[in-house]
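Have a look at the structure below, then the notes.
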Amino acid sequence: MLGTTMKLSDEEIKAIDKEYCSWGDTVHYHDEQTIFRNCEGSYMYDSKDTPYLDLQMWYSSCNLGYKNKRVLNAVLDQYQTMPQISSRFVYDYKALLAEKIAKANIDRYGIKGRVQFNVGGAQVNEDMLKLIRNYTKKPRMFAFMGGYHGRTIGTTAVTSSYRYREHFGHISDTAHFVPFPYCFRCPYDKKCESCNMYCVKQFAKLFESEYNGVYDPKTKDCEFGGFIAEPLLGTGGYIVPPKGYFKELKKVLDEYNILFMADEVQMGCFRTGKLWAMEHFDVKPDAMTFAKSITNGMNPLAGMWAKEELINPKVFPAGRTHSTYAANPIGTRAGYEVMSIFEEERKELETEIARKGKKFLDGLKVLEKKYKNIGTVNGLGFALSVEVTEADGYTPARELCDEIIEAGLKGNLSYKGKRCGLILNNGGYYKNIITLVPQLYISDEEIDMALELMDQLFDIYMEKTAG
Ligand SMILES: Cc1ncc(COP(=O)(O)O)c(C=O)c1O
C-alpha cells in the first residue's frame, strides 16, 4: 500500500455511501464501485494495491499526473504560509496567476485582457455568460449541440442535453443550438471531402431572413450576444472539428457582431498539445474559460479571461460576480505552479504531446482495423477517442461501450505478467465513445500498455475483422 491507512473495508465504505450519500451526483450511474486508496503518476491503486492505468485522469483535471511533486510541494508550502484569506482581499498568488494567464494570452492572441476567478467550470461559464450579457445587453447565446458547459441551472441553458433540464424546468430560453461538425456522423449527411463547409453555410443562412428567428436584417440587429464553443467536444465525445471550421464560423460571427467565447475547461491546459485548444484553429476568442487542470486537481479553481473592452473596470465593475471561495489561496498557488510548469516546459510539451499523441492514435488505428466494432478513432494531441459500434461499424453500441469500461474497472487484466486495471470514460451523443485522457507525461511504455490493455478488453467483447 502506497500511503493511505485503511481504516474501513471497501464493503464498509460502500455501505455508508449507499445509506448516507445523495445519489444525485454521478457515482450511482454505476452499480459496481471500485474503491481506490491511492494515486500516483498515471495510476490509481485499489485496496489490494492493484494499479489501474488511468486514461480518464479525473475528466482531464490532472494533466500533470497524480501527486505531481512540484504542484504538491507548492500547495504544501501554501498550507504552511497563508492557507486562508478572505476573498475581500487581493494577495500575491491571485495577482500573479491572473498576470501569467493574461500574458500567456497576449503572447498567443495578441490581446490584452483580465482574469476573474471562481471555483468550477460551470461557475466560470456562468460568469462568462454574465459578462457577455452585461456588455451586449443581449441574453441569448448560440451553443453547439453536444456541447457541455456545466450543470448549474444557468449553464444547463447552454448545455444542449434536455436531460440536464428535464427535472428542473427552464430558467431561460438562452440558447439556440447549432450542430457540431462531427464528420463521421455529419448532421447533414454530407461527406467531409466534398461538403465545402456546408454546416457553416447553414449557420450563415440563419441571418438571411427575420423568419429564421435570430436576426432582423432591417435594423441589422441580432438577438444573440455570443457563441459559446468548446474547441473539441469534450463530454460530447472528444470530437475534433475539421480544419478551417472555426475560421469560417468566426467570419459569420464577426459579420453580425456576435462575440466568440471559448470554453477551455476540459480541452485547455495542454490536453491537445497547446495551452489552449483553440490555438490549433487560428481564431481568437473574445472571452474564454478554464478550470480542471489549472490546479492539476489540487483545489477547486477556475477562471474566465476576457479582452479589456469587455472586462475593464468601467464596464465590469466591482461586485458583478462573486463567490466566497473564488480565488482561494491554495487554488491560486497550485494554478501559479501549473502555469509556471507550462511556461518552462512549453516547447517540450508541444513536441512530445504531438509525438506521443500520434503514436497513441496510430495504435488506435491498428485496433480499428482489427475490430469490426470500432466505427472510427479520432484525436488531437492527448484528446483521443474510440467510437464503439455494432459490427456494421456505424450503429452506436452504448451497452457494449459500457461493458468494456466496466470490465477495465474489475482490475483483472494483466500486463507483463502483473495484474492491473484500466480506467476509461465514455462520452458522445450516444454515449458510445471511449474518451482517452492520459496524463501529459505518460511514457511511451505506458502508451504501449494502454493499447495492449484495450486490445485485451476488445478481444473479449468485440468481433474481429476477417483475416
Ligand atoms: C467543457 C466543459 N465546460 C464546463 C464543464 C463544467 O465544469 P465543472 O464540472 O467544473 O462545473 C465541464 C465539465 O466536464 C466541461 O467539460
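Going by the C-alpha cells order, chains are called A, B, ..., each with residues numbered from 1, while ligands are numbered from 1 in the order shown.
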Apply DSSP to the backbone of this structure and, from stretch 208-434 of chain A, keep only the residues in strand (DSSP E or B); write these as a PyMOL selection string.
chain A and resi 215-216+221-222+224-229+233+239+259-263+287-290+302-307+371+374-380+383-389+396+413-415+418-423+425-427+433-434
Give me, as CSV, the closest atom pair and its distance (Å, one decimal) for every residue of chain A within a cut-off of 6 Å of ligand 1, counting only C-alpha atoms and all ligand atoms, rows sorted by chain and rising number.
residue,atom,partner,partner_atom_place_in_ligand_line,distance
A:Gly120,CA,ligand 1,10 (O),4.0
A:Gly121,CA,ligand 1,7 (O),3.3
A:Ala122,CA,ligand 1,11 (O),3.7
A:Tyr148,CA,ligand 1,2 (C),5.3
A:His149,CA,ligand 1,4 (C),3.7
A:Gly150,CA,ligand 1,6 (C),3.7
A:Glu230,CA,ligand 1,1 (C),5.8
A:Gly234,CA,ligand 1,16 (O),5.4
A:Thr235,CA,ligand 1,16 (O),5.8
A:Asp263,CA,ligand 1,1 (C),5.5
A:Val265,CA,ligand 1,2 (C),4.7
A:Gln266,CA,ligand 1,16 (O),4.4
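In this comparison, which uses only C-alpha atoms, the residue of A:Thr324, A:Met298, A:Leu259, A:His280 approaching A:Tyr336 most closely is A:Met298.
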Within 12 Å of A:Gly408, counting only C-alpha atoms, which residues show up once you throw out same-chain ones fewer than 3 positions away? Write them as a ChimeraX atom specification, please.
/A:34,51-56,401-405,411-414,419-425,434,450,453-458,460-461
Name all residues at most 12 Å from A:Ile442 (count only C-alpha atoms; drop same-chain ones fewer than 2 positions away) and give them as a ChimeraX atom specification.
/A:40-43,53-55,57,62-66,349,352-353,355-357,359-360,382,437-440,444-450
For the residues in the current selection, export N, CA and C atoms as a compact mmCIF listing (two decimals), in the first residue's frame.
# COMPACT_ATOMS: atom_id res chain seq x y z
N GLU A 40 -0.90 7.87 -8.11
CA GLU A 40 0.44 8.40 -8.37
C GLU A 40 0.73 8.34 -9.87
N GLY A 41 1.23 9.41 -10.43
CA GLY A 41 1.58 9.41 -11.86
C GLY A 41 0.38 9.10 -12.73
N SER A 42 0.44 7.98 -13.46
CA SER A 42 -0.65 7.59 -14.36
C SER A 42 -1.62 6.60 -13.72
N TYR A 43 -1.45 6.30 -12.43
CA TYR A 43 -2.17 5.17 -11.85
C TYR A 43 -3.03 5.53 -10.64
N LEU A 53 -4.20 1.67 -14.77
CA LEU A 53 -3.73 2.72 -15.67
C LEU A 53 -4.91 3.64 -15.95
N ASP A 54 -4.73 4.92 -15.63
CA ASP A 54 -5.87 5.83 -15.72
C ASP A 54 -5.84 6.61 -17.03
N LEU A 55 -6.81 6.35 -17.88
CA LEU A 55 -6.94 7.10 -19.13
C LEU A 55 -8.16 8.01 -19.05
N MET A 57 -8.13 10.38 -15.95
CA MET A 57 -7.48 11.45 -15.19
C MET A 57 -8.46 12.51 -14.66
N CYS A 62 -6.17 16.32 -14.07
CA CYS A 62 -4.83 16.05 -13.52
C CYS A 62 -3.85 15.82 -14.66
N ASN A 63 -3.76 16.80 -15.55
CA ASN A 63 -2.94 16.63 -16.75
C ASN A 63 -1.47 16.39 -16.43
N LEU A 64 -1.00 16.91 -15.29
CA LEU A 64 0.43 16.75 -14.96
C LEU A 64 0.68 15.52 -14.10
N GLY A 65 -0.28 14.63 -14.03
CA GLY A 65 -0.10 13.37 -13.31
C GLY A 65 -0.50 13.49 -11.85
N TYR A 66 -0.95 12.36 -11.30
CA TYR A 66 -1.34 12.37 -9.88
C TYR A 66 -0.13 12.65 -9.00
N LEU A 349 6.53 20.17 -24.08
CA LEU A 349 5.14 19.67 -24.03
C LEU A 349 4.54 19.67 -25.43
N GLU A 352 6.34 16.83 -27.53
CA GLU A 352 6.12 15.47 -27.01
C GLU A 352 4.66 15.05 -27.07
N ILE A 353 3.75 15.98 -26.79
CA ILE A 353 2.32 15.60 -26.85
C ILE A 353 1.93 15.32 -28.30
N ARG A 355 3.98 14.18 -30.62
CA ARG A 355 4.61 12.89 -30.99
C ARG A 355 3.89 11.71 -30.35
N LYS A 356 3.70 11.81 -29.02
CA LYS A 356 3.09 10.67 -28.32
C LYS A 356 1.61 10.53 -28.67
N GLY A 357 0.95 11.66 -28.89
CA GLY A 357 -0.47 11.60 -29.28
C GLY A 357 -0.61 10.87 -30.60
N LYS A 359 1.54 8.63 -31.79
CA LYS A 359 1.85 7.21 -31.53
C LYS A 359 0.60 6.50 -31.00
N PHE A 360 -0.08 7.16 -30.05
CA PHE A 360 -1.29 6.58 -29.44
C PHE A 360 -2.37 6.41 -30.52
N PHE A 382 -3.39 14.72 -26.89
CA PHE A 382 -3.83 13.67 -25.97
C PHE A 382 -5.33 13.73 -25.70
N VAL A 437 -7.94 10.04 -22.03
CA VAL A 437 -7.40 11.26 -21.44
C VAL A 437 -6.18 10.91 -20.59
N PRO A 438 -5.06 10.56 -21.22
CA PRO A 438 -3.88 10.21 -20.41
C PRO A 438 -3.26 11.45 -19.78
N GLN A 439 -2.45 11.24 -18.74
CA GLN A 439 -1.68 12.39 -18.23
C GLN A 439 -0.68 12.79 -19.30
N LEU A 440 -0.26 14.06 -19.27
CA LEU A 440 0.60 14.57 -20.34
C LEU A 440 2.00 13.98 -20.31
N ASP A 444 6.20 6.33 -23.20
CA ASP A 444 5.96 5.50 -24.39
C ASP A 444 5.54 4.10 -23.97
N GLU A 445 6.17 3.60 -22.92
CA GLU A 445 5.81 2.24 -22.48
C GLU A 445 4.38 2.19 -21.96
N GLU A 446 3.98 3.23 -21.26
CA GLU A 446 2.59 3.24 -20.76
C GLU A 446 1.58 3.34 -21.92
N ILE A 447 1.97 4.02 -22.99
CA ILE A 447 1.08 4.06 -24.17
C ILE A 447 0.95 2.65 -24.75
N ASP A 448 2.09 1.93 -24.83
CA ASP A 448 2.04 0.53 -25.31
C ASP A 448 1.12 -0.28 -24.40
N MET A 449 1.28 -0.05 -23.08
CA MET A 449 0.45 -0.78 -22.11
C MET A 449 -1.03 -0.47 -22.32
N ALA A 450 -1.33 0.82 -22.51
CA ALA A 450 -2.74 1.23 -22.71
C ALA A 450 -3.33 0.52 -23.92
Test item: residues at most 9 Å from A:Ala98, only C-alpha atoms, excluding those fewer than 4 positions along its chain, as a PDB file with N, CA, C and O atoms, in the first residue's frame:
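Result went into selection-v3.pdb, see below:
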ATOM      1  N   TYR A  93      -0.456  35.493  -4.932  1.00  0.00           N
ATOM      2  CA  TYR A  93      -0.639  34.470  -5.966  1.00  0.00           C
ATOM      3  C   TYR A  93      -1.896  34.688  -6.809  1.00  0.00           C
ATOM      4  O   TYR A  93      -1.948  34.267  -7.954  1.00  0.00           O
ATOM      5  N   LYS A  94      -2.878  35.337  -6.247  1.00  0.00           N
ATOM      6  CA  LYS A  94      -4.054  35.660  -7.066  1.00  0.00           C
ATOM      7  C   LYS A  94      -3.630  36.606  -8.199  1.00  0.00           C
ATOM      8  O   LYS A  94      -3.905  36.359  -9.384  1.00  0.00           O
ATOM      9  N   ALA A 102      -3.048  36.278 -18.297  1.00  0.00           N
ATOM     10  CA  ALA A 102      -3.245  37.429 -19.192  1.00  0.00           C
ATOM     11  C   ALA A 102      -2.057  37.570 -20.152  1.00  0.00           C
ATOM     12  O   ALA A 102      -2.238  37.805 -21.347  1.00  0.00           O
ATOM     13  N   LYS A 103      -0.837  37.354 -19.639  1.00  0.00           N
ATOM     14  CA  LYS A 103       0.349  37.487 -20.502  1.00  0.00           C
ATOM     15  C   LYS A 103       0.430  36.335 -21.496  1.00  0.00           C
ATOM     16  O   LYS A 103       0.871  36.510 -22.631  1.00  0.00           O
ATOM     17  N   ARG A 114      -8.138  40.593 -18.951  1.00  0.00           N
ATOM     18  CA  ARG A 114      -8.079  40.413 -17.494  1.00  0.00           C
ATOM     19  C   ARG A 114      -8.704  39.080 -17.128  1.00  0.00           C
ATOM     20  O   ARG A 114      -9.462  38.506 -17.920  1.00  0.00           O
ATOM     21  N   VAL A 115      -8.417  38.651 -15.883  1.00  0.00           N
ATOM     22  CA  VAL A 115      -8.882  37.338 -15.443  1.00  0.00           C
ATOM     23  C   VAL A 115      -9.737  37.482 -14.189  1.00  0.00           C
ATOM     24  O   VAL A 115      -9.393  38.251 -13.293  1.00  0.00           O
ATOM     25  N   GLN A 116     -10.811  36.758 -14.139  1.00  0.00           N
ATOM     26  CA  GLN A 116     -11.647  36.698 -12.927  1.00  0.00           C
ATOM     27  C   GLN A 116     -11.764  35.229 -12.512  1.00  0.00           C
ATOM     28  O   GLN A 116     -12.044  34.359 -13.342  1.00  0.00           O
ATOM     29  N   PHE A 117     -11.575  34.963 -11.230  1.00  0.00           N
ATOM     30  CA  PHE A 117     -11.580  33.566 -10.775  1.00  0.00           C
ATOM     31  C   PHE A 117     -12.921  33.171 -10.165  1.00  0.00           C
ATOM     32  O   PHE A 117     -13.699  34.006  -9.700  1.00  0.00           O
ATOM     33  N   GLY A 303     -11.364  29.942 -13.934  1.00  0.00           N
ATOM     34  CA  GLY A 303     -11.262  31.356 -14.259  1.00  0.00           C
ATOM     35  C   GLY A 303     -11.845  31.689 -15.613  1.00  0.00           C
ATOM     36  O   GLY A 303     -12.043  30.825 -16.465  1.00  0.00           O
ATOM     37  N   TRP A 305     -11.183  34.549 -18.695  1.00  0.00           N
ATOM     38  CA  TRP A 305     -10.368  35.625 -19.260  1.00  0.00           C
ATOM     39  C   TRP A 305     -11.224  36.331 -20.304  1.00  0.00           C
ATOM     40  O   TRP A 305     -12.000  35.671 -21.008  1.00  0.00           O
ATOM     41  N   THR A 332      -5.047  29.166  -6.146  1.00  0.00           N
ATOM     42  CA  THR A 332      -4.236  30.078  -6.976  1.00  0.00           C
ATOM     43  C   THR A 332      -2.751  29.706  -6.893  1.00  0.00           C
ATOM     44  O   THR A 332      -2.024  29.823  -7.873  1.00  0.00           O
ATOM     45  N   TYR A 336      -0.649  28.793 -10.050  1.00  0.00           N
ATOM     46  CA  TYR A 336       0.581  29.501 -10.393  1.00  0.00           C
ATOM     47  C   TYR A 336       1.697  28.508 -10.738  1.00  0.00           C
ATOM     48  O   TYR A 336       2.447  28.687 -11.694  1.00  0.00           O
TER      49      TYR A 336
END
Would you please work out which residue, of A:Gly226, A:Gly154, A:Arg346, A:Cys183, is nearest to A:His170 when using only C-alpha atoms?
A:Gly154
So which residues of stretch 205-352 of chain A fall under helix (DSSP H, G or I) by DSSP, listed as a ChimeraX atom specification?
/A:205,210-212,245-255,277-281,292-295,308-311,329-344,346-352
Restricting the calculation to only C-alpha atoms, which member of A:Ser340, A:Asn125, A:Thr295, A:Asn373 is positioned closest to A:Leu72?
A:Thr295
Mind checking which residues fall within 9 Å of A:Phe342, counting only C-alpha atoms, ignoring those fewer than 3 positions away in the same chain, and posting them as a PyMOL selection string?
chain A and resi 269-270+275+337-339+345-346+349
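Each of A:Tyr238, A:Ala391, A:Glu166, A:Glu452 was compared to A:Lys416 using only C-alpha atoms, and A:Glu452 turns out to be the nearest.
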Please list as an NGL selection string every residue within 10 Å of A:Asp173, counting only C-alpha atoms and excluding residues in the same chain fewer than 4 positions away.
:A and (139-141 or 157-158)
Requested write-out: all heavy atoms of the selected residues, as a PDB file, in the first residue's frame:
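To be explicit, this is the file written out as out.pdb:
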ATOM      1  N   PRO A 139     -29.418  38.685 -23.942  1.00  0.00           N
ATOM      2  CA  PRO A 139     -29.383  37.499 -23.086  1.00  0.00           C
ATOM      3  C   PRO A 139     -29.165  36.182 -23.819  1.00  0.00           C
ATOM      4  O   PRO A 139     -28.795  35.199 -23.217  1.00  0.00           O
ATOM      5  CB  PRO A 139     -30.773  37.503 -22.441  1.00  0.00           C
ATOM      6  CG  PRO A 139     -31.648  38.219 -23.414  1.00  0.00           C
ATOM      7  CD  PRO A 139     -30.776  39.200 -24.135  1.00  0.00           C
ATOM      8  N   ARG A 140     -29.366  36.167 -25.135  1.00  0.00           N
ATOM      9  CA  ARG A 140     -29.364  34.865 -25.810  1.00  0.00           C
ATOM     10  C   ARG A 140     -27.991  34.532 -26.408  1.00  0.00           C
ATOM     11  O   ARG A 140     -27.227  35.420 -26.752  1.00  0.00           O
ATOM     12  CB  ARG A 140     -30.448  34.831 -26.878  1.00  0.00           C
ATOM     13  CG  ARG A 140     -31.817  35.148 -26.285  1.00  0.00           C
ATOM     14  CD  ARG A 140     -32.930  34.717 -27.183  1.00  0.00           C
ATOM     15  NE  ARG A 140     -32.996  33.266 -27.274  1.00  0.00           N
ATOM     16  CZ  ARG A 140     -33.711  32.610 -28.184  1.00  0.00           C
ATOM     17  NH1 ARG A 140     -34.385  33.264 -29.079  1.00  0.00           N
ATOM     18  NH2 ARG A 140     -33.739  31.298 -28.193  1.00  0.00           N
ATOM     19  N   MET A 141     -27.704  33.231 -26.494  1.00  0.00           N
ATOM     20  CA  MET A 141     -26.395  32.767 -26.963  1.00  0.00           C
ATOM     21  C   MET A 141     -26.574  31.617 -27.941  1.00  0.00           C
ATOM     22  O   MET A 141     -27.491  30.807 -27.786  1.00  0.00           O
ATOM     23  CB  MET A 141     -25.554  32.217 -25.779  1.00  0.00           C
ATOM     24  CG  MET A 141     -25.404  33.151 -24.617  1.00  0.00           C
ATOM     25  SD  MET A 141     -24.360  34.562 -24.999  1.00  0.00           S
ATOM     26  CE  MET A 141     -25.039  35.784 -23.850  1.00  0.00           C
ATOM     27  N   ALA A 157     -28.688  25.838 -19.442  1.00  0.00           N
ATOM     28  CA  ALA A 157     -29.397  26.508 -20.543  1.00  0.00           C
ATOM     29  C   ALA A 157     -28.582  26.482 -21.833  1.00  0.00           C
ATOM     30  O   ALA A 157     -29.145  26.500 -22.926  1.00  0.00           O
ATOM     31  CB  ALA A 157     -29.725  27.948 -20.156  1.00  0.00           C
ATOM     32  N   VAL A 158     -27.233  26.443 -21.708  1.00  0.00           N
ATOM     33  CA  VAL A 158     -26.412  26.401 -22.930  1.00  0.00           C
ATOM     34  C   VAL A 158     -25.770  25.029 -23.148  1.00  0.00           C
ATOM     35  O   VAL A 158     -25.050  24.821 -24.116  1.00  0.00           O
ATOM     36  CB  VAL A 158     -25.310  27.504 -22.934  1.00  0.00           C
ATOM     37  CG1 VAL A 158     -25.915  28.874 -23.164  1.00  0.00           C
ATOM     38  CG2 VAL A 158     -24.483  27.469 -21.662  1.00  0.00           C
TER      39      VAL A 158
END
